[in-house]
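Asks: Could you have a look at this structure, given as C-alpha cells, before my questions?
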Amino acid sequence: MSDPAKPSASAGQTYLLGPQLYLRAPQESDFARSVAVRRSPFPASARQTETELREALAMDERARRIRLIACRTSDDEPVGLAHIDEGENWPAALVSLHAAPWPRSEEQRVKAEMLRLLAPWLMEERGAISVVVDFASDEAEPLAAADALGLRPAYIVREALWRDGVRRDQVFVQRLHPVWREKLGDPGAGIAAAAPPTAAPRAPAPLRRAASSAPLPPNTLVASERLALRPFAHRDMETIAQTFLREPEYRHEAGRTPSSPLALAQWADRMGEREPPESFSVAIVLRESGVVIGDCSLLAIDWVGRSAETGMWIYRPEHRSGGYGTEAKHLLLEYSFQRLGLHVVWSWVAEENDRSAAALLKQGYRPAGRLDWIEVGRGKFRSARLFDLLAEEWRAARR
Ligand SMILES: CC(C)(COP(=O)(O)OP(=O)(O)OC[C@H]1O[C@@H](n2cnc3c(N)ncnc32)[C@H](O)[C@@H]1OP(=O)(O)O)[C@@H](O)C(=O)NCCC(=O)NCCS
C-alpha cells in the first residue's frame with residue numbers, strides 16, 4: 001500500500017523518470033522481488049536472486065551491460081527489468097525488457113514506458129547509434145511506443161514466444177540515429193530483407209539414413225552416415241586451439257583470436273552444469289577417423305517458447321563448402337526438433353558471410369530480416385542477416 005505522506009524514492013531523480021515509473025540500479029531490497037527483477041518465468045528464492053544479481057552485477061561492467069530496475073513512482077515497488085547490452089566495439093544498444101507478469105493489464109504499459117525512458121537516453125545521452133529491442137507480436141502498446149519513437153521493424157522470428165496459451169512472433173525493432181543515418185545513408189528497415197519460407201529447400205534432411213559401416217564414436221548423441229555429434233572431451237581442446245591458430249580466413253567474423261586450451265577446457269567442463277541449459281555446444285566428429293572437424297550449438301534456448309539460436313563452425317577450410325556443415329546442421333536440428341521438442345530455431349550471420357547464408361538457405365531456413373550497424377570493423381559498418389526455421393517446415397521438407 002502506498003503511503004501518501006512518504007515521498008517516492010525517485011524524488012529529486014533528474015533522468016530516467018517517467019509519469020508512472022522510474023528506472024534505477026539494482027539494490028538489496030530487490031532480492032525479495034525475483035518475479036520483477038529476473039527475466040526467468042520460474043520462481044526463485046531471495047537467496048538465489050541475491051546470488052545471481054551479485055554475480056551479474058560483477059560481470060555487467062566488464063561485459064558492457066547495464067541492468068536497471070523499473071519501479072512504480074507511486075509506491076516504489078519494482079515492476080520490471082531493463083537489460084541493455086552495449087556493443088563491444090561500436091555504440092549499439094541491444095535492449096531486452098521484462099515486466100512483472102501480474103496484473104496482466106500492467107505488463108504492456110510498463111514495457112512501453114520503459115522504452116520511452118530508455119530509447120532517447122541511450123541515443124541522445126549515451127551515444128548509441130543503434131537501439132534494438134524486441135516484443136511479442138501481440139504487445140500492441142509497446143510496439144506503438146516503439147513506432148512513435150522511430151524504431152522500425154528489423155526482423156521477426158516466427159512463433160518464437162508462448163504467451164497466454166498462444167504462440168506469438170518475436171518482433172525485433174531498431175532505430176538508427178538520424179544524424180548517422182544522414183551521414184551514412186539510410187539502409188531502410190531491415191524487415192525489407194525478409195522473405196517467405198522456401199517451399200522445397202535444396203538440401204533437406206533425409207527422411208531415413210543409410211546404415212553406416214563407419215565406427216560410431218563413444219558418447220554419440222546423434223549420427224548420420226559420415227558424422228556424429230558428441231559432447232566435447234578434454235583431449236579435444238589442445239587440437240582445437242592449434243586448429244584455430246591455423247585458420248587462414250578472417251572475414252566471416254570479427255577477426256581471429258588465439259584461444260587457450262585451458263580456457264577452452266573450462267568452457268567444455270561447464271557443459272551440462274545447468275539443466276535445462278541456456279546453451280550448449282557439441283563436437284562434430286568424422287565417423288571414419290574420429291577427428292573433430294567442428295562444433296555446433298544451441299544458444300539462448302527458451303524452454304517455454306521452445307526456440308533457440310543455432311550456431312556452427314567447421315574448423316578447417318578443406319572441410320568447408322563440401323556439405324559437412326549441412327549434414328551436421330540436420331543432425332543438430334533432428335536433435336532439437338525430434339528429441340528436445342523445440343518449435344523454431346533462428347540464426348544470425350554477419351552480412352558479408354555469404355557462405356554461411358547460402359548454407360542456411362539450402363537447409364531450409366527463411367530470411368527473417370536484417371539488423372543494421374550492429375558492429376564496426378575493417379572500415380565498414382557491419383550488419384547482420386537473420387534467418388528462422390520452424391520445426392514443421394523442417395519436417396515437411398524431409399518428406
Ligand atoms: C558456415 C559453415 C558452418 C557452413 O558449413 P559448410 O560445410 O561450409 O556448408 P555447406 O558445404 O553445406 O554449404 C555451403 C554452401 O555455400 C556455398 N558457398 C561457398 N562459398 C560461398 C560464397 N562465397 N558465396 C556464396 N556461397 C558460397 C557452397 O558452395 C555451398 O553451397 P552448394 O552446396 O550449393 O555448393 C562453414 O563454412 C564454416 O564453419 N565457416 C566458417 C565459420 C562460419 O562462418 N561460421 C558461421 C558463423 S554464422
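Within each chain, counting starts at residue 1; across the C-alpha cells, chains are named A, B, ... in the order shown, with ligands numbered 1 upward in that order.
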Can you tell me which residues sit at most 10 Å away from ligand 1, counting only C-alpha atoms and all ligand atoms, written as a ChimeraX atom specification?

Replies: /A:202-203,247,249-253,293-296,310-329,347-363,384-386

Asks: Near Ser289 of chain A, counting only C-alpha atoms, which residues have an atom at most 10 Å away, once you skip same-chain residues fewer than 5 positions from it, shown as a CSV table (one decimal) with all heavy atoms, in the first residue's frame?

Replies:
```
chain,number,residue,atom,x,y,z
A,214,ALA,N,30.9,-47.1,-40.9
A,214,ALA,CA,32.0,-46.4,-40.1
A,214,ALA,C,31.7,-46.6,-38.6
A,214,ALA,O,30.5,-46.7,-38.2
A,214,ALA,CB,32.0,-45.0,-40.5
A,215,PRO,N,32.8,-46.6,-37.8
A,215,PRO,CA,32.5,-46.8,-36.3
A,215,PRO,C,31.8,-45.6,-35.7
A,215,PRO,O,32.0,-44.5,-36.2
A,215,PRO,CB,33.9,-46.9,-35.8
A,215,PRO,CG,34.8,-46.4,-36.8
A,215,PRO,CD,34.2,-46.5,-38.1
A,217,PRO,N,31.5,-43.1,-32.8
A,217,PRO,CA,32.3,-42.6,-31.7
A,217,PRO,C,31.6,-42.8,-30.4
A,217,PRO,O,30.4,-42.7,-30.3
A,217,PRO,CB,32.5,-41.1,-32.0
A,217,PRO,CG,32.0,-40.9,-33.4
A,217,PRO,CD,31.1,-42.0,-33.7
A,226,ARG,N,28.2,-40.1,-42.2
A,226,ARG,CA,29.6,-39.7,-42.2
A,226,ARG,C,29.9,-39.1,-40.8
A,226,ARG,O,31.1,-39.0,-40.5
A,226,ARG,CB,29.9,-38.7,-43.3
A,226,ARG,CG,29.7,-39.3,-44.7
A,226,ARG,CD,30.2,-38.2,-45.7
A,226,ARG,NE,29.4,-37.0,-45.7
A,226,ARG,CZ,29.7,-35.9,-46.4
A,226,ARG,NH1,30.8,-35.9,-47.1
A,226,ARG,NH2,28.9,-34.8,-46.3
```

Asks: Report, in Å with one decimal, the straight-line distance from atom CA of Arg256 of chain A to atom CA of Ala63 of chain A.

Replies: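 Taking atom CA of Arg256 of chain A and atom CA of Ala63 of chain A, their separation equals 19.5 Å.
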
Asks: Run DSSP on the backbone and give me the residues of segment 172-398 of chain A it puts in helix (DSSP H, G or I), as a PyMOL selection string.

Replies: chain A and resi 178-184+190-193+234-245+261-269+317-319+324-339+354-363+391-398

Asks: Please write the residues from the selection above to a file, keeping C-alpha atoms, as an mmCIF file, in the first residue's frame.

Replies:
```
data_model
loop_
_atom_site.group_PDB
_atom_site.id
_atom_site.type_symbol
_atom_site.label_atom_id
_atom_site.label_comp_id
_atom_site.auth_asym_id
_atom_site.auth_seq_id
_atom_site.Cartn_x
_atom_site.Cartn_y
_atom_site.Cartn_z
ATOM 1 C CA PRO A 178 19.080 10.157 -37.510
ATOM 2 C CA VAL A 179 22.327 12.133 -37.661
ATOM 3 C CA TRP A 180 24.287 8.996 -38.560
ATOM 4 C CA ARG A 181 21.563 7.933 -40.986
ATOM 5 C CA GLU A 182 22.052 11.237 -42.742
ATOM 6 C CA LYS A 183 25.851 10.841 -42.764
ATOM 7 C CA LEU A 184 25.994 7.193 -43.822
ATOM 8 C CA GLY A 190 15.728 -4.419 -42.002
ATOM 9 C CA ILE A 191 12.437 -6.254 -42.381
ATOM 10 C CA ALA A 192 12.571 -5.490 -46.138
ATOM 11 C CA ALA A 193 15.187 -8.281 -46.337
ATOM 12 C CA HIS A 234 39.298 -32.568 -22.606
ATOM 13 C CA ARG A 235 41.599 -34.166 -25.159
ATOM 14 C CA ASP A 236 39.853 -32.230 -27.974
ATOM 15 C CA MET A 237 40.895 -28.843 -26.630
ATOM 16 C CA GLU A 238 44.610 -28.833 -27.489
ATOM 17 C CA THR A 239 43.785 -29.833 -31.079
ATOM 18 C CA ILE A 240 41.083 -27.181 -31.374
ATOM 19 C CA ALA A 241 43.360 -24.408 -30.069
ATOM 20 C CA GLN A 242 46.013 -25.462 -32.634
ATOM 21 C CA THR A 243 43.397 -25.548 -35.404
ATOM 22 C CA PHE A 244 42.216 -22.036 -34.569
ATOM 23 C CA LEU A 245 45.818 -20.780 -34.904
ATOM 24 C CA PRO A 261 43.332 -24.776 -24.457
ATOM 25 C CA LEU A 262 42.947 -24.018 -20.723
ATOM 26 C CA ALA A 263 40.077 -21.588 -21.356
ATOM 27 C CA LEU A 264 38.522 -23.977 -23.879
ATOM 28 C CA ALA A 265 38.705 -26.809 -21.315
ATOM 29 C CA GLN A 266 36.961 -24.637 -18.706
ATOM 30 C CA TRP A 267 34.259 -23.857 -21.277
ATOM 31 C CA ALA A 268 33.850 -27.565 -22.086
ATOM 32 C CA ASP A 269 33.763 -28.536 -18.396
ATOM 33 C CA PRO A 317 38.887 -24.728 -44.837
ATOM 34 C CA GLU A 318 39.294 -28.139 -46.526
ATOM 35 C CA HIS A 319 36.194 -29.348 -44.662
ATOM 36 C CA TYR A 324 29.603 -31.334 -43.887
ATOM 37 C CA GLY A 325 28.050 -28.173 -42.383
ATOM 38 C CA THR A 326 24.642 -29.031 -43.803
ATOM 39 C CA GLU A 327 24.872 -32.671 -42.742
ATOM 40 C CA ALA A 328 25.844 -31.634 -39.197
ATOM 41 C CA LYS A 329 23.127 -28.966 -39.090
ATOM 42 C CA HIS A 330 20.464 -31.535 -39.895
ATOM 43 C CA LEU A 331 21.772 -33.673 -37.039
ATOM 44 C CA LEU A 332 21.521 -30.677 -34.713
ATOM 45 C CA LEU A 333 18.005 -29.929 -36.000
ATOM 46 C CA GLU A 334 16.946 -33.563 -35.641
ATOM 47 C CA TYR A 335 18.141 -33.484 -32.048
ATOM 48 C CA SER A 336 16.486 -30.072 -31.435
ATOM 49 C CA PHE A 337 13.118 -30.772 -33.025
ATOM 50 C CA GLN A 338 12.674 -34.516 -32.589
ATOM 51 C CA ARG A 339 14.257 -35.061 -29.200
ATOM 52 C CA ASP A 354 27.747 -15.364 -47.977
ATOM 53 C CA ARG A 355 28.784 -18.978 -47.475
ATOM 54 C CA SER A 356 27.007 -19.262 -44.133
ATOM 55 C CA ALA A 357 23.865 -17.600 -45.577
ATOM 56 C CA ALA A 358 23.958 -19.948 -48.592
ATOM 57 C CA ALA A 359 24.245 -22.966 -46.288
ATOM 58 C CA LEU A 360 21.267 -21.863 -44.162
ATOM 59 C CA LEU A 361 19.086 -21.223 -47.226
ATOM 60 C CA LYS A 362 19.764 -24.622 -48.729
ATOM 61 C CA GLN A 363 18.999 -26.230 -45.338
ATOM 62 C CA ALA A 391 10.141 -27.487 -36.895
ATOM 63 C CA GLU A 392 7.099 -28.211 -39.081
ATOM 64 C CA GLU A 393 8.857 -26.750 -42.164
ATOM 65 C CA TRP A 394 11.944 -28.864 -41.478
ATOM 66 C CA ARG A 395 9.776 -31.992 -41.102
ATOM 67 C CA ALA A 396 7.706 -31.241 -44.239
ATOM 68 C CA ALA A 397 10.841 -30.703 -46.367
ATOM 69 C CA ARG A 398 12.110 -34.068 -45.129
#
```

Asks: So which bits of segment 68-251 of chain A end up strand (DSSP E) when you DSSP the backbone, as a ChimeraX atom specification?

Replies: /A:68-72,78-86,92-99,130-136,152-163,166-176,222-223,227-230

Asks: With a cut-off of 12 Å, could you pull out the residues of segment 329-377 of chain A touching segment 83-87 of chain A and give me the nearest pair of atoms for each, distance in Å to one decimal, using only C-alpha atoms, ordered by chain and ascending number, as a tab-separated table?

Replies:
```
residue	atom	partner	partner_atom	distance
A:Trp373	CA	A:Gly87	CA	10.5
A:Ile374	CA	A:Gly87	CA	7.5
A:Glu375	CA	A:Gly87	CA	7.1
A:Val376	CA	A:Gly87	CA	9.6
```

Asks: Output N, CA, C and O atoms for every residue in the selection just made, as a PDB file, in the first residue's frame.

Replies:
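What ended up in out_22.pdb:
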```
ATOM      1  N   TRP A 373      24.139  -1.958 -38.732  1.00  0.00           N
ATOM      2  CA  TRP A 373      25.176  -1.228 -37.986  1.00  0.00           C
ATOM      3  C   TRP A 373      25.336  -1.764 -36.579  1.00  0.00           C
ATOM      4  O   TRP A 373      25.370  -1.013 -35.596  1.00  0.00           O
ATOM      5  N   ILE A 374      25.437  -3.054 -36.498  1.00  0.00           N
ATOM      6  CA  ILE A 374      25.475  -3.666 -35.175  1.00  0.00           C
ATOM      7  C   ILE A 374      26.915  -3.744 -34.671  1.00  0.00           C
ATOM      8  O   ILE A 374      27.186  -3.875 -33.497  1.00  0.00           O
ATOM      9  N   GLU A 375      27.877  -3.626 -35.609  1.00  0.00           N
ATOM     10  CA  GLU A 375      29.299  -3.606 -35.246  1.00  0.00           C
ATOM     11  C   GLU A 375      30.038  -2.733 -36.252  1.00  0.00           C
ATOM     12  O   GLU A 375      29.502  -2.425 -37.310  1.00  0.00           O
ATOM     13  N   VAL A 376      31.280  -2.401 -35.899  1.00  0.00           N
ATOM     14  CA  VAL A 376      32.114  -1.698 -36.863  1.00  0.00           C
ATOM     15  C   VAL A 376      33.387  -2.507 -37.038  1.00  0.00           C
ATOM     16  O   VAL A 376      33.844  -3.153 -36.104  1.00  0.00           O
TER      17      VAL A 376
END
```

Asks: When you look at Pro19 of chain A with a cut-off of 10 Å (counting only C-alpha atoms), what residues show up, excluding the ones that are within fewer than 5 positions of it in the same chain? I need them as a PDB file with N, CA and C atoms, in the first residue's frame.

Replies:
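So result36.pdb came out as:
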```
ATOM      1  N   ARG A  72       7.526   1.534  -9.665  1.00  0.00           N
ATOM      2  CA  ARG A  72       6.364   2.442  -9.708  1.00  0.00           C
ATOM      3  C   ARG A  72       6.667   3.663  -8.870  1.00  0.00           C
ATOM      4  N   THR A  73       6.385   4.847  -9.410  1.00  0.00           N
ATOM      5  CA  THR A  73       6.634   6.081  -8.660  1.00  0.00           C
ATOM      6  C   THR A  73       5.718   6.138  -7.440  1.00  0.00           C
ATOM      7  N   SER A  74       4.500   5.588  -7.576  1.00  0.00           N
ATOM      8  CA  SER A  74       3.510   5.742  -6.502  1.00  0.00           C
ATOM      9  C   SER A  74       3.907   5.024  -5.212  1.00  0.00           C
ATOM     10  N   GLU A 113       6.427   2.246 -21.200  1.00  0.00           N
ATOM     11  CA  GLU A 113       7.026   3.406 -20.506  1.00  0.00           C
ATOM     12  C   GLU A 113       8.540   3.227 -20.352  1.00  0.00           C
TER      13      GLU A 113
END
```

Asks: For Gly364 of chain A, which residue out of A:Ala200, A:Ile301, A:Thr257, A:Val344 is the nearest one, using only C-alpha atoms?

Replies: A:Ala200

Asks: Using atom CA of Gln20 of chain A and atom CA of Leu118 of chain A as the two end points, give the distance in Å to one decimal.

Replies: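 Going from atom CA of Gln20 of chain A over to atom CA of Leu118 of chain A covers 14.3 Å.
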
Asks: Write out as a VMD selection string each polymer residue whose atoms come within 12 Å of segment 5-12 of chain A, counting only C-alpha atoms; drop sequence neighbours fewer than 3 positions from it.

Replies: chain A and resid 1 to 2 15 to 25 70 to 78

Asks: Could the residues in this selection be saved with N, CA and C atoms as a PDB file, in the first residue's frame?

Replies:
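Wrote it out as out-v6.pdb, contents follow:
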```pdb
ATOM      1  N   MET A   1       0.852  -1.217   0.000  1.00  0.00           N
ATOM      2  CA  MET A   1       0.000   0.000   0.000  1.00  0.00           C
ATOM      3  C   MET A   1       0.876   1.251   0.000  1.00  0.00           C
ATOM      4  N   SER A   2       0.536   2.200  -0.822  1.00  0.00           N
ATOM      5  CA  SER A   2       1.375   3.398  -0.853  1.00  0.00           C
ATOM      6  C   SER A   2       0.965   4.349   0.282  1.00  0.00           C
ATOM      7  N   TYR A  15      16.735  12.063 -14.237  1.00  0.00           N
ATOM      8  CA  TYR A  15      16.582  11.401 -15.542  1.00  0.00           C
ATOM      9  C   TYR A  15      16.061   9.996 -15.319  1.00  0.00           C
ATOM     10  N   LEU A  16      15.642   9.360 -16.436  1.00  0.00           N
ATOM     11  CA  LEU A  16      15.024   8.033 -16.381  1.00  0.00           C
ATOM     12  C   LEU A  16      13.834   8.025 -15.428  1.00  0.00           C
ATOM     13  N   LEU A  17      13.092   9.106 -15.476  1.00  0.00           N
ATOM     14  CA  LEU A  17      11.934   9.284 -14.608  1.00  0.00           C
ATOM     15  C   LEU A  17      10.729   9.613 -15.482  1.00  0.00           C
ATOM     16  N   GLY A  18       9.689   8.758 -15.418  1.00  0.00           N
ATOM     17  CA  GLY A  18       8.510   8.964 -16.258  1.00  0.00           C
ATOM     18  C   GLY A  18       7.297   9.289 -15.421  1.00  0.00           C
ATOM     19  N   PRO A  19       6.126   9.382 -16.058  1.00  0.00           N
ATOM     20  CA  PRO A  19       4.921   9.733 -15.309  1.00  0.00           C
ATOM     21  C   PRO A  19       4.568   8.688 -14.245  1.00  0.00           C
ATOM     22  N   GLN A  20       4.790   7.406 -14.552  1.00  0.00           N
ATOM     23  CA  GLN A  20       4.397   6.385 -13.565  1.00  0.00           C
ATOM     24  C   GLN A  20       5.536   5.494 -13.107  1.00  0.00           C
ATOM     25  N   LEU A  21       6.668   5.590 -13.782  1.00  0.00           N
ATOM     26  CA  LEU A  21       7.803   4.715 -13.453  1.00  0.00           C
ATOM     27  C   LEU A  21       9.095   5.502 -13.370  1.00  0.00           C
ATOM     28  N   TYR A  22      10.040   4.933 -12.636  1.00  0.00           N
ATOM     29  CA  TYR A  22      11.416   5.417 -12.756  1.00  0.00           C
ATOM     30  C   TYR A  22      12.335   4.210 -12.846  1.00  0.00           C
ATOM     31  N   LEU A  23      13.502   4.421 -13.421  1.00  0.00           N
ATOM     32  CA  LEU A  23      14.484   3.342 -13.556  1.00  0.00           C
ATOM     33  C   LEU A  23      15.656   3.657 -12.636  1.00  0.00           C
ATOM     34  N   ARG A  24      16.115   2.627 -11.913  1.00  0.00           N
ATOM     35  CA  ARG A  24      17.276   2.798 -11.020  1.00  0.00           C
ATOM     36  C   ARG A  24      18.131   1.538 -11.079  1.00  0.00           C
ATOM     37  N   ALA A  25      19.323   1.638 -10.495  1.00  0.00           N
ATOM     38  CA  ALA A  25      20.206   0.462 -10.444  1.00  0.00           C
ATOM     39  C   ALA A  25      19.670  -0.521  -9.396  1.00  0.00           C
ATOM     40  N   ALA A  70      12.870  -1.170 -13.026  1.00  0.00           N
ATOM     41  CA  ALA A  70      11.769  -0.197 -13.176  1.00  0.00           C
ATOM     42  C   ALA A  70      10.903  -0.267 -11.923  1.00  0.00           C
ATOM     43  N   CYS A  71      10.648   0.884 -11.307  1.00  0.00           N
ATOM     44  CA  CYS A  71       9.820   0.932 -10.096  1.00  0.00           C
ATOM     45  C   CYS A  71       8.641   1.871 -10.320  1.00  0.00           C
ATOM     46  N   ARG A  72       7.526   1.534  -9.665  1.00  0.00           N
ATOM     47  CA  ARG A  72       6.364   2.442  -9.708  1.00  0.00           C
ATOM     48  C   ARG A  72       6.667   3.663  -8.870  1.00  0.00           C
ATOM     49  N   THR A  73       6.385   4.847  -9.410  1.00  0.00           N
ATOM     50  CA  THR A  73       6.634   6.081  -8.660  1.00  0.00           C
ATOM     51  C   THR A  73       5.718   6.138  -7.440  1.00  0.00           C
ATOM     52  N   SER A  74       4.500   5.588  -7.576  1.00  0.00           N
ATOM     53  CA  SER A  74       3.510   5.742  -6.502  1.00  0.00           C
ATOM     54  C   SER A  74       3.907   5.024  -5.212  1.00  0.00           C
ATOM     55  N   ASP A  75       4.570   3.843  -5.328  1.00  0.00           N
ATOM     56  CA  ASP A  75       4.897   3.100  -4.097  1.00  0.00           C
ATOM     57  C   ASP A  75       6.290   2.469  -4.127  1.00  0.00           C
ATOM     58  N   ASP A  76       7.094   2.824  -5.098  1.00  0.00           N
ATOM     59  CA  ASP A  76       8.485   2.339  -5.219  1.00  0.00           C
ATOM     60  C   ASP A  76       8.597   0.830  -5.438  1.00  0.00           C
ATOM     61  N   GLU A  77       7.494   0.190  -5.797  1.00  0.00           N
ATOM     62  CA  GLU A  77       7.519  -1.260  -5.987  1.00  0.00           C
ATOM     63  C   GLU A  77       8.198  -1.603  -7.326  1.00  0.00           C
ATOM     64  N   PRO A  78       9.187  -2.521  -7.332  1.00  0.00           N
ATOM     65  CA  PRO A  78       9.781  -2.941  -8.609  1.00  0.00           C
ATOM     66  C   PRO A  78       8.753  -3.655  -9.480  1.00  0.00           C
TER      67      PRO A  78
END
```

Asks: Grab the atom CA of His98 of chain A to atom CA of Glu273 of chain A distance for me, in Å with one decimal place.

Replies: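 Separation of atom CA of His98 of chain A and atom CA of Glu273 of chain A: 25.4 Å.
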
Asks: Could you list, as a list in words, every residue within 9 Å of Val345 of chain A, counting only C-alpha atoms and ignoring same-chain residues fewer than 2 positions away?

Replies: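 The neighbour list is Val157, Ala160, Leu298, Arg306, Ser307, Ala308, Glu309, Thr310, Leu333, Ser336, Leu342, His343, Ser347, Tyr365, Phe387, Asp388, Leu389, Leu390 and Ala391 of chain A.
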
Asks: Selected residues, N, CA and C atoms, written as a CSV table (one decimal), in the first residue's frame, please.

Replies:
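Wrote again19.csv, looks like this:
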```
chain,number,residue,atom,x,y,z
A,157,VAL,N,11.2,-13.4,-35.7
A,157,VAL,CA,11.4,-14.8,-35.6
A,157,VAL,C,10.0,-15.4,-35.3
A,160,ALA,N,8.1,-17.7,-32.0
A,160,ALA,CA,9.1,-18.0,-31.1
A,160,ALA,C,8.7,-17.8,-29.6
A,298,LEU,N,23.4,-24.9,-29.7
A,298,LEU,CA,22.1,-24.2,-29.4
A,298,LEU,C,22.3,-23.2,-28.4
A,306,ARG,N,10.2,-22.6,-26.6
A,306,ARG,CA,10.7,-23.7,-27.4
A,306,ARG,C,11.4,-23.2,-28.6
A,307,SER,N,12.2,-22.1,-28.4
A,307,SER,CA,13.0,-21.5,-29.5
A,307,SER,C,14.5,-21.5,-29.1
A,308,ALA,N,15.4,-21.4,-30.1
A,308,ALA,CA,16.8,-21.3,-29.8
A,308,ALA,C,17.5,-20.8,-31.0
A,309,GLU,N,18.7,-20.2,-30.8
A,309,GLU,CA,19.6,-19.8,-31.9
A,309,GLU,C,20.5,-21.0,-32.2
A,310,THR,N,20.7,-21.3,-33.5
A,310,THR,CA,21.7,-22.3,-33.9
A,310,THR,C,23.0,-21.7,-34.3
A,333,LEU,N,19.4,-30.2,-35.9
A,333,LEU,CA,18.0,-29.9,-36.0
A,333,LEU,C,17.2,-31.2,-35.6
A,336,SER,N,17.2,-31.2,-32.0
A,336,SER,CA,16.5,-30.1,-31.4
A,336,SER,C,15.0,-30.3,-31.6
A,342,LEU,N,11.9,-28.6,-29.6
A,342,LEU,CA,11.9,-27.2,-30.0
A,342,LEU,C,10.9,-27.0,-31.1
A,343,HIS,N,10.4,-25.7,-31.2
A,343,HIS,CA,9.3,-25.4,-32.2
A,343,HIS,C,9.9,-24.6,-33.3
A,347,SER,N,18.9,-18.1,-36.7
A,347,SER,CA,20.4,-18.0,-36.8
A,347,SER,C,20.8,-16.6,-37.3
A,365,TYR,N,16.2,-22.7,-44.0
A,365,TYR,CA,15.9,-21.5,-43.2
A,365,TYR,C,15.3,-20.4,-44.1
A,387,PHE,N,17.8,-15.4,-39.9
A,387,PHE,CA,17.1,-16.5,-40.5
A,387,PHE,C,16.3,-17.2,-39.5
A,388,ASP,N,15.2,-17.8,-39.9
A,388,ASP,CA,14.5,-18.7,-38.9
A,388,ASP,C,13.9,-19.9,-39.7
A,389,LEU,N,13.6,-20.9,-38.9
A,389,LEU,CA,13.1,-22.2,-39.4
A,389,LEU,C,12.2,-22.9,-38.4
A,390,LEU,N,11.0,-23.2,-38.9
A,390,LEU,CA,10.0,-23.8,-38.0
A,390,LEU,C,10.2,-25.3,-38.0
A,391,ALA,N,10.0,-26.0,-36.9
A,391,ALA,CA,10.1,-27.5,-36.9
A,391,ALA,C,9.3,-28.1,-38.0
```

Asks: Go through A:Glu55, A:Glu125, A:Glu139, A:Asp60 one by one, measure the shortest atom-to-atom distance of each to Arg109 of chain A using only C-alpha atoms, and give the residue with the smallest value.

Replies: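 Smallest distance to Arg109 of chain A is found for A:Glu139.
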
Asks: Which neighbours of Leu57 of chain A fall inside 9 Å, counting only C-alpha atoms, when residues of the same chain fewer than 5 positions from it are skipped, and could you give them as a count of residues only?

Replies: 5
